[in-house]
$ cat final-v3.tsv   # TSV, C-alpha atoms
chain	number	residue	atom	x	y	z
A	17	MET	CA	90.36	80.05	74.51
A	18	THR	CA	93.82	79.27	73.27
A	19	TYR	CA	96.49	79.50	75.97
A	20	TRP	CA	100.18	78.75	76.42
A	21	GLY	CA	100.83	75.64	78.47
A	22	PHE	CA	103.70	74.88	80.81
A	23	ASP	CA	105.05	72.76	77.94
A	24	LYS	CA	105.59	76.04	75.98
A	25	LYS	CA	103.00	75.00	73.39
A	26	ALA	CA	99.71	76.60	72.43
A	27	HIS	CA	96.65	74.71	73.69
A	28	GLU	CA	93.28	75.19	72.04
A	29	GLY	CA	89.93	74.68	73.68
A	30	GLY	CA	90.54	76.21	77.10
A	31	LYS	CA	87.19	77.03	78.70
A	32	LEU	CA	86.14	79.47	81.41
A	33	VAL	CA	82.53	79.95	82.44
A	34	ILE	CA	82.24	83.67	83.23
A	35	ASN	CA	79.43	86.19	83.64
A	36	ALA	CA	78.27	87.52	80.25
A	37	LYS	CA	78.64	91.11	81.55
A	38	VAL	CA	82.43	90.74	81.63
A	39	ALA	CA	83.05	88.05	79.00
A	40	GLN	CA	84.50	90.42	76.38
A	41	LYS	CA	86.78	92.12	78.91
A	42	ILE	CA	88.01	88.78	80.26
A	43	ALA	CA	88.62	87.54	76.71
A	44	GLY	CA	90.78	90.64	76.20
A	45	VAL	CA	92.77	89.90	79.37
A	46	PHE	CA	93.42	86.32	78.25
A	47	GLU	CA	94.35	87.55	74.77
A	48	LYS	CA	97.03	89.71	76.43
A	49	LEU	CA	98.21	86.79	78.58
A	50	TYR	CA	98.46	84.67	75.43
A	51	LYS	CA	100.48	87.35	73.61
A	52	ASP	CA	102.77	87.57	76.65
A	53	ARG	CA	103.09	83.75	76.60
A	54	TYR	CA	102.00	83.55	80.23
A	55	PRO	CA	101.74	79.79	80.92
A	56	ILE	CA	98.54	78.18	82.17
A	57	ASP	CA	98.55	74.56	83.27
A	58	LYS	CA	94.91	73.70	82.59
A	59	MET	CA	91.63	75.50	81.85
A	60	VAL	CA	88.43	73.45	82.09
A	61	PRO	CA	85.03	74.18	83.65
A	62	ILE	CA	84.59	73.24	87.30
A	63	ASP	CA	82.01	70.66	86.15
A	64	GLU	CA	84.98	68.44	85.22
A	65	TYR	CA	85.54	68.18	88.99
A	66	LYS	CA	81.83	67.87	89.91
A	67	GLY	CA	81.97	71.43	91.30
A	68	ASP	CA	84.64	70.45	93.84
A	69	ASP	CA	86.93	73.45	94.28
A	70	PHE	CA	89.49	71.40	96.22
A	71	ASP	CA	89.85	68.84	93.41
A	72	SER	CA	90.08	71.58	90.78
A	73	ILE	CA	92.90	73.27	92.71
A	74	GLU	CA	94.69	69.93	93.22
A	75	ALA	CA	94.63	69.56	89.42
A	76	ASN	CA	96.06	73.10	89.05
A	77	ASN	CA	93.03	74.08	87.01
A	78	THR	CA	92.37	77.69	86.09
A	79	SER	CA	88.64	78.25	86.58
A	80	ALA	CA	85.98	80.92	87.00
A	81	PHE	CA	82.32	80.09	87.77
A	82	ASN	CA	81.68	77.79	90.71
A	83	CYS	CA	78.46	78.02	92.71
A	84	ARG	CA	80.00	77.99	96.18
A	85	GLN	CA	80.39	80.01	99.34
A	86	ALA	CA	83.41	82.24	99.85
A	87	THR	CA	86.20	80.50	101.75
A	88	GLY	CA	85.64	80.94	105.48
A	89	SER	CA	82.29	82.68	104.97
A	90	SER	CA	78.59	81.93	104.83
A	91	GLY	CA	78.18	84.35	101.91
A	92	TRP	CA	78.48	83.55	98.23
A	93	SER	CA	81.86	83.72	96.55
A	94	ARG	CA	82.31	86.04	93.57
A	95	HIS	CA	82.86	82.75	91.70
A	96	ALA	CA	79.17	81.94	92.26
A	97	TYR	CA	78.33	84.99	90.14
A	98	GLY	CA	80.92	84.24	87.45
A	99	MET	CA	82.80	87.36	88.53
A	100	ALA	CA	86.08	85.79	89.69
A	101	ILE	CA	88.91	83.73	88.23
A	102	ASP	CA	91.47	81.50	89.94
A	103	LEU	CA	94.61	81.34	87.82
A	104	ASN	CA	97.18	78.52	88.18
A	105	PRO	CA	96.06	77.85	91.77
A	106	CYS	CA	99.00	75.64	92.67
A	107	GLN	CA	101.63	78.22	91.69
A	108	ASN	CA	99.44	80.89	93.28
A	109	PRO	CA	97.96	79.34	96.44
A	110	TYR	CA	95.46	80.60	98.97
A	111	VAL	CA	97.49	81.23	102.14
A	112	SER	CA	95.65	81.68	105.44
A	113	THR	CA	96.58	84.38	107.93
A	114	SER	CA	98.36	81.67	109.96
A	115	GLY	CA	100.52	80.92	106.92
A	116	THR	CA	99.04	77.54	106.04
A	117	ILE	CA	97.70	76.17	102.78
A	118	ALA	CA	95.21	73.36	102.18
A	119	HIS	CA	97.07	71.86	99.22
A	120	PRO	CA	100.34	70.11	100.09
A	121	SER	CA	101.31	69.75	96.43
A	122	CYS	CA	101.48	73.54	96.22
A	123	LYS	CA	103.84	74.09	99.17
A	124	LYS	CA	106.78	75.04	96.94
A	125	TYR	CA	105.01	78.28	96.02
A	126	TYR	CA	103.44	79.51	99.22
A	127	ARG	CA	106.43	80.91	101.07
A	128	THR	CA	108.65	81.99	98.19
A	129	ARG	CA	106.96	83.98	95.44
A	130	ASP	CA	109.62	83.84	92.71
A	131	ALA	CA	108.55	85.62	89.53
A	132	LYS	CA	111.01	83.41	87.61
A	133	ASP	CA	108.90	80.31	88.26
A	134	PRO	CA	106.46	79.71	85.37
A	135	GLY	CA	102.88	80.68	86.15
A	136	VAL	CA	103.66	82.53	89.39
A	137	ILE	CA	101.85	85.87	89.79
A	138	THR	CA	103.62	88.65	91.69
A	139	ALA	CA	102.72	92.20	92.69
A	140	GLY	CA	102.66	94.60	89.77
A	141	ASP	CA	103.49	91.99	87.12
A	142	ASP	CA	101.88	91.88	83.67
A	143	VAL	CA	99.15	89.48	84.82
A	144	VAL	CA	98.08	91.79	87.66
A	145	LYS	CA	98.22	94.78	85.29
A	146	ALA	CA	96.09	92.99	82.69
A	147	PHE	CA	93.32	92.37	85.21
A	148	GLU	CA	93.69	95.86	86.71
A	149	SER	CA	93.14	97.30	83.22
A	150	ILE	CA	89.51	96.08	83.44
A	151	GLY	CA	89.06	97.14	87.06
A	152	TRP	CA	89.60	93.68	88.61
A	153	LYS	CA	91.58	93.25	91.82
A	154	TRP	CA	94.16	90.66	92.83
A	155	GLY	CA	93.87	88.56	96.00
A	156	GLY	CA	97.64	88.81	96.51
A	157	TYR	CA	97.12	92.37	97.72
A	158	TRP	CA	94.69	91.36	100.48
A	159	ALA	CA	95.66	92.12	104.07
A	160	GLY	CA	96.09	88.97	106.19
A	161	THR	CA	94.95	86.06	104.03
A	162	LYS	CA	96.55	86.04	100.59
A	163	ASP	CA	94.73	84.50	97.63
A	164	TYR	CA	97.44	84.68	94.99
A	165	GLN	CA	95.35	82.83	92.38
A	166	HIS	CA	92.28	85.06	92.70
A	167	PHE	CA	91.12	87.94	90.52
A	168	SER	CA	87.66	89.47	90.81
A	169	ASP	CA	85.59	92.56	90.18
A	170	SER	CA	85.78	93.46	93.87
A	171	ARG	CA	87.87	92.67	96.94
$ encode --input "final-v3.tsv" --output "structure tokens"
Amino acid sequence: MTYWGFDKKAHEGGKLVINAKVAQKIAGVFEKLYKDRYPIDKMVPIDEYKGDDFDSIEANNTSAFNCRQATGSSGWSRHAYGMAIDLNPCQNPYVSTSGTIAHPSCKKYYRTRDAKDPGVITAGDDVVKAFESIGWKWGGYWAGTKDYQHFSDSR
């Protein structure tokens, strides 16, 4: 996919591995994000990081499929089914119920959610609305733990 980078330039060749059942809908969401010039830092398959979610987040990589368990669970993540996307994970960190994050380089964004910062997703913004238009939910609305980067077909 083509996406707008943080450098305010179009970048070709962005790749997301997503379940075929939702590929057209997701392409439509990213087409809207592109038209809105929503910036994305990087978009490469998780294979570039040998399937390591931590390394992908450290690189601020937007990704989808990753065969892994859900954080803090023994069950499979929606990412393992290609039914979830993490978008600009540094600007939109996973924040535990205790208020901590696992990625120190992302600390700027975990306490203050300023919609003016490029790539930050906030409640009710155009990014959230784009995913809601296909029935996907945002992890920023979760009670307790907040997963600001996360969109999926269910909780």
$ residues_around --input "final-v3.tsv" --residues "range 47-61 of chain A" --least-positions-apart "5" --cutoff "7 Å" --atoms "only C-alpha atoms" --output "list of chain:residue names"
A:Tyr19, A:Trp20, A:Gly21, A:Phe22, A:Gly30, A:Lys31, A:Leu32, A:Val33, A:Asn76, A:Asn77, A:Thr78, A:Ser79, A:Asn104, A:Pro134, A:Gly135, A:Val143
$ write_last_selection --input "final-v3.tsv" --atoms "C-alpha atoms" --output "PDB file, in the coordinates of the input"
ATOM      1  CA  TYR A  19      96.490  79.500  75.970  1.00  0.00           C
ATOM      2  CA  TRP A  20     100.180  78.750  76.420  1.00  0.00           C
ATOM      3  CA  GLY A  21     100.830  75.640  78.470  1.00  0.00           C
ATOM      4  CA  PHE A  22     103.700  74.880  80.810  1.00  0.00           C
ATOM      5  CA  GLY A  30      90.540  76.210  77.100  1.00  0.00           C
ATOM      6  CA  LYS A  31      87.190  77.030  78.700  1.00  0.00           C
ATOM      7  CA  LEU A  32      86.140  79.470  81.410  1.00  0.00           C
ATOM      8  CA  VAL A  33      82.530  79.950  82.440  1.00  0.00           C
ATOM      9  CA  ASN A  76      96.060  73.100  89.050  1.00  0.00           C
ATOM     10  CA  ASN A  77      93.030  74.080  87.010  1.00  0.00           C
ATOM     11  CA  THR A  78      92.370  77.690  86.090  1.00  0.00           C
ATOM     12  CA  SER A  79      88.640  78.250  86.580  1.00  0.00           C
ATOM     13  CA  ASN A 104      97.180  78.520  88.180  1.00  0.00           C
ATOM     14  CA  PRO A 134     106.460  79.710  85.370  1.00  0.00           C
ATOM     15  CA  GLY A 135     102.880  80.680  86.150  1.00  0.00           C
ATOM     16  CA  VAL A 143      99.150  89.480  84.820  1.00  0.00           C
TER      17      VAL A 143
END
$ closest_atom_pairs --input "final-v3.tsv" --of "range 65-118 of chain A" --to "range 129-133 of chain A" --cutoff "12 Å" --atoms "only C-alpha atoms" --output "CSV"
residue,atom,partner,partner_atom,distance
A:Asn104,CA,A:Asp133,CA,11.9
A:Cys106,CA,A:Asp133,CA,11.8
A:Gln107,CA,A:Asp133,CA,8.3
A:Asn108,CA,A:Arg129,CA,8.4
A:Pro109,CA,A:Arg129,CA,10.2
A:Val111,CA,A:Arg129,CA,11.9
$ closest_residue --input "final-v3.tsv" --among "A:Trp92, A:Phe81, A:Tyr97, A:Trp152" --to "Val45 in chain A" --atoms "all atoms listed in the file"
A:Trp152
$ closest_residue --input "final-v3.tsv" --among "A:Ala36, A:Met17, A:Ile42, A:Ala26" --to "Ser149 in chain A" --atoms "all atoms listed in the file"
A:Ile42
$ residues_around --input "final-v3.tsv" --residues "Tyr157 in chain A" --least-positions-apart "5" --cutoff "10 Å" --atoms "all atoms listed in the file" --output "ChimeraX atom specification"
/A:138-140,162-164,171
$ residues_near_point --input "final-v3.tsv" --point "(90.2, 88.8, 92.0)" --cutoff "9 Å" --atoms "only C-alpha atoms" --output "PDB file with C-alpha atoms, in the coordinates of the input"
ATOM      1  CA  ARG A  94      82.310  86.040  93.570  1.00  0.00           C
ATOM      2  CA  MET A  99      82.800  87.360  88.530  1.00  0.00           C
ATOM      3  CA  ALA A 100      86.080  85.790  89.690  1.00  0.00           C
ATOM      4  CA  ILE A 101      88.910  83.730  88.230  1.00  0.00           C
ATOM      5  CA  ASP A 102      91.470  81.500  89.940  1.00  0.00           C
ATOM      6  CA  PHE A 147      93.320  92.370  85.210  1.00  0.00           C
ATOM      7  CA  TRP A 152      89.600  93.680  88.610  1.00  0.00           C
ATOM      8  CA  LYS A 153      91.580  93.250  91.820  1.00  0.00           C
ATOM      9  CA  TRP A 154      94.160  90.660  92.830  1.00  0.00           C
ATOM     10  CA  GLY A 155      93.870  88.560  96.000  1.00  0.00           C
ATOM     11  CA  GLY A 156      97.640  88.810  96.510  1.00  0.00           C
ATOM     12  CA  ASP A 163      94.730  84.500  97.630  1.00  0.00           C
ATOM     13  CA  TYR A 164      97.440  84.680  94.990  1.00  0.00           C
ATOM     14  CA  GLN A 165      95.350  82.830  92.380  1.00  0.00           C
ATOM     15  CA  HIS A 166      92.280  85.060  92.700  1.00  0.00           C
ATOM     16  CA  PHE A 167      91.120  87.940  90.520  1.00  0.00           C
ATOM     17  CA  SER A 168      87.660  89.470  90.810  1.00  0.00           C
ATOM     18  CA  ASP A 169      85.590  92.560  90.180  1.00  0.00           C
ATOM     19  CA  SER A 170      85.780  93.460  93.870  1.00  0.00           C
ATOM     20  CA  ARG A 171      87.870  92.670  96.940  1.00  0.00           C
TER      21      ARG A 171
END
$ atom_distance --input "final-v3.tsv" --atom1 "CA of Ser89 in chain A" --atom2 "CA of Tyr110 in chain A"
14.6 Å
$ closest_residue --input "final-v3.tsv" --among "A:Ile137, A:Glu28, A:Ile34, A:Gly44" --to "Ile150 in chain A" --atoms "all atoms listed in the file"
A:Gly44
$ atom_distance --input "final-v3.tsv" --atom1 "CA of Ala96 in chain A" --atom2 "CA of Lys124 in chain A"
28.8 Å
$ atom_distance --input "final-v3.tsv" --atom1 "CA of Thr128 in chain A" --atom2 "CA of Gln85 in chain A"
28.4 Å
$ axis_aligned_box --input "final-v3.tsv" --around "range 57-75 of chain A" --padding-each-side "4 Å" --output "lines of an AutoDock Vina configuration file"
center_x = 90.2
center_y = 71.7
center_z = 89.0
size_x = 24.7
size_y = 15.6
size_z = 22.4
$ closest_residue --input "final-v3.tsv" --among "A:Cys83, A:Ala43, A:Asp69, A:Glu74" --to "Lys123 in chain A" --atoms "only C-alpha atoms"
A:Glu74
$ closest_residue --input "final-v3.tsv" --among "A:Asp63, A:Ala75, A:Val144, A:Lys37" --to "Cys122 in chain A" --atoms "all atoms listed in the file"
A:Ala75
$ closest_residue --input "final-v3.tsv" --among "A:Ser112, A:Ser121, A:Asn35, A:Gln40" --to "Ile73 in chain A" --atoms "only C-alpha atoms"
A:Ser121
$ decode --input "final-v3.tsv" --residues "range 103-128 of chain A" --atoms "N, CA and C atoms" --output "compact mmCIF listing (two decimals), in the first residue's frame"
# COMPACT_ATOMS: atom_id res chain seq x y z
N LEU A 103 -1.13 0.05 14.77
CA LEU A 103 -0.83 1.23 13.95
C LEU A 103 0.04 2.22 14.72
N ASN A 104 1.20 2.55 14.15
CA ASN A 104 2.15 3.46 14.81
C ASN A 104 2.28 3.13 16.30
N PRO A 105 2.82 1.97 16.63
CA PRO A 105 2.80 1.52 18.03
C PRO A 105 3.57 2.39 19.02
N CYS A 106 4.51 3.19 18.55
CA CYS A 106 5.21 4.05 19.51
C CYS A 106 4.33 5.24 19.89
N GLN A 107 3.70 5.86 18.92
CA GLN A 107 2.80 6.98 19.20
C GLN A 107 1.53 6.53 19.91
N ASN A 108 1.24 5.24 19.81
CA ASN A 108 0.01 4.67 20.34
C ASN A 108 0.33 3.42 21.16
N PRO A 109 0.97 3.58 22.30
CA PRO A 109 1.49 2.42 23.04
C PRO A 109 0.43 1.59 23.75
N TYR A 110 0.85 0.39 24.11
CA TYR A 110 0.10 -0.50 24.99
C TYR A 110 0.44 -0.07 26.41
N VAL A 111 -0.57 0.32 27.18
CA VAL A 111 -0.36 0.81 28.54
C VAL A 111 -1.08 -0.14 29.50
N SER A 112 -0.31 -0.74 30.41
CA SER A 112 -0.89 -1.70 31.36
C SER A 112 -1.80 -0.98 32.35
N THR A 113 -2.58 -1.76 33.07
CA THR A 113 -3.49 -1.18 34.07
C THR A 113 -2.72 -0.43 35.15
N SER A 114 -1.45 -0.79 35.38
CA SER A 114 -0.64 -0.07 36.38
C SER A 114 -0.04 1.21 35.80
N GLY A 115 -0.27 1.44 34.50
CA GLY A 115 0.22 2.66 33.87
C GLY A 115 1.62 2.57 33.32
N THR A 116 2.13 1.36 33.13
CA THR A 116 3.48 1.20 32.60
C THR A 116 3.44 0.76 31.14
N ILE A 117 4.56 1.01 30.46
CA ILE A 117 4.72 0.54 29.08
C ILE A 117 6.04 -0.21 28.99
N ALA A 118 6.14 -1.10 28.02
CA ALA A 118 7.34 -1.92 27.87
C ALA A 118 8.37 -1.28 26.95
N HIS A 119 8.05 -0.15 26.35
CA HIS A 119 8.93 0.46 25.35
C HIS A 119 9.32 1.87 25.77
N PRO A 120 10.48 2.01 26.38
CA PRO A 120 10.91 3.32 26.88
C PRO A 120 10.94 4.42 25.82
N SER A 121 11.23 4.05 24.58
CA SER A 121 11.29 5.07 23.52
C SER A 121 9.92 5.67 23.21
N CYS A 122 8.88 5.06 23.73
CA CYS A 122 7.52 5.53 23.46
C CYS A 122 6.92 6.31 24.63
N LYS A 123 7.70 6.57 25.66
CA LYS A 123 7.17 7.19 26.87
C LYS A 123 6.50 8.54 26.63
N LYS A 124 6.97 9.29 25.66
CA LYS A 124 6.39 10.61 25.39
C LYS A 124 4.87 10.52 25.17
N TYR A 125 4.42 9.41 24.64
CA TYR A 125 3.03 9.30 24.18
C TYR A 125 2.10 8.53 25.12
N TYR A 126 2.61 8.00 26.21
CA TYR A 126 1.73 7.13 26.99
C TYR A 126 0.94 7.84 28.06
N ARG A 127 1.35 8.99 28.49
CA ARG A 127 0.56 9.72 29.49
C ARG A 127 -0.27 10.82 28.85
N THR A 128 0.30 11.50 27.87
CA THR A 128 -0.40 12.60 27.21
C THR A 128 -0.77 12.18 25.80
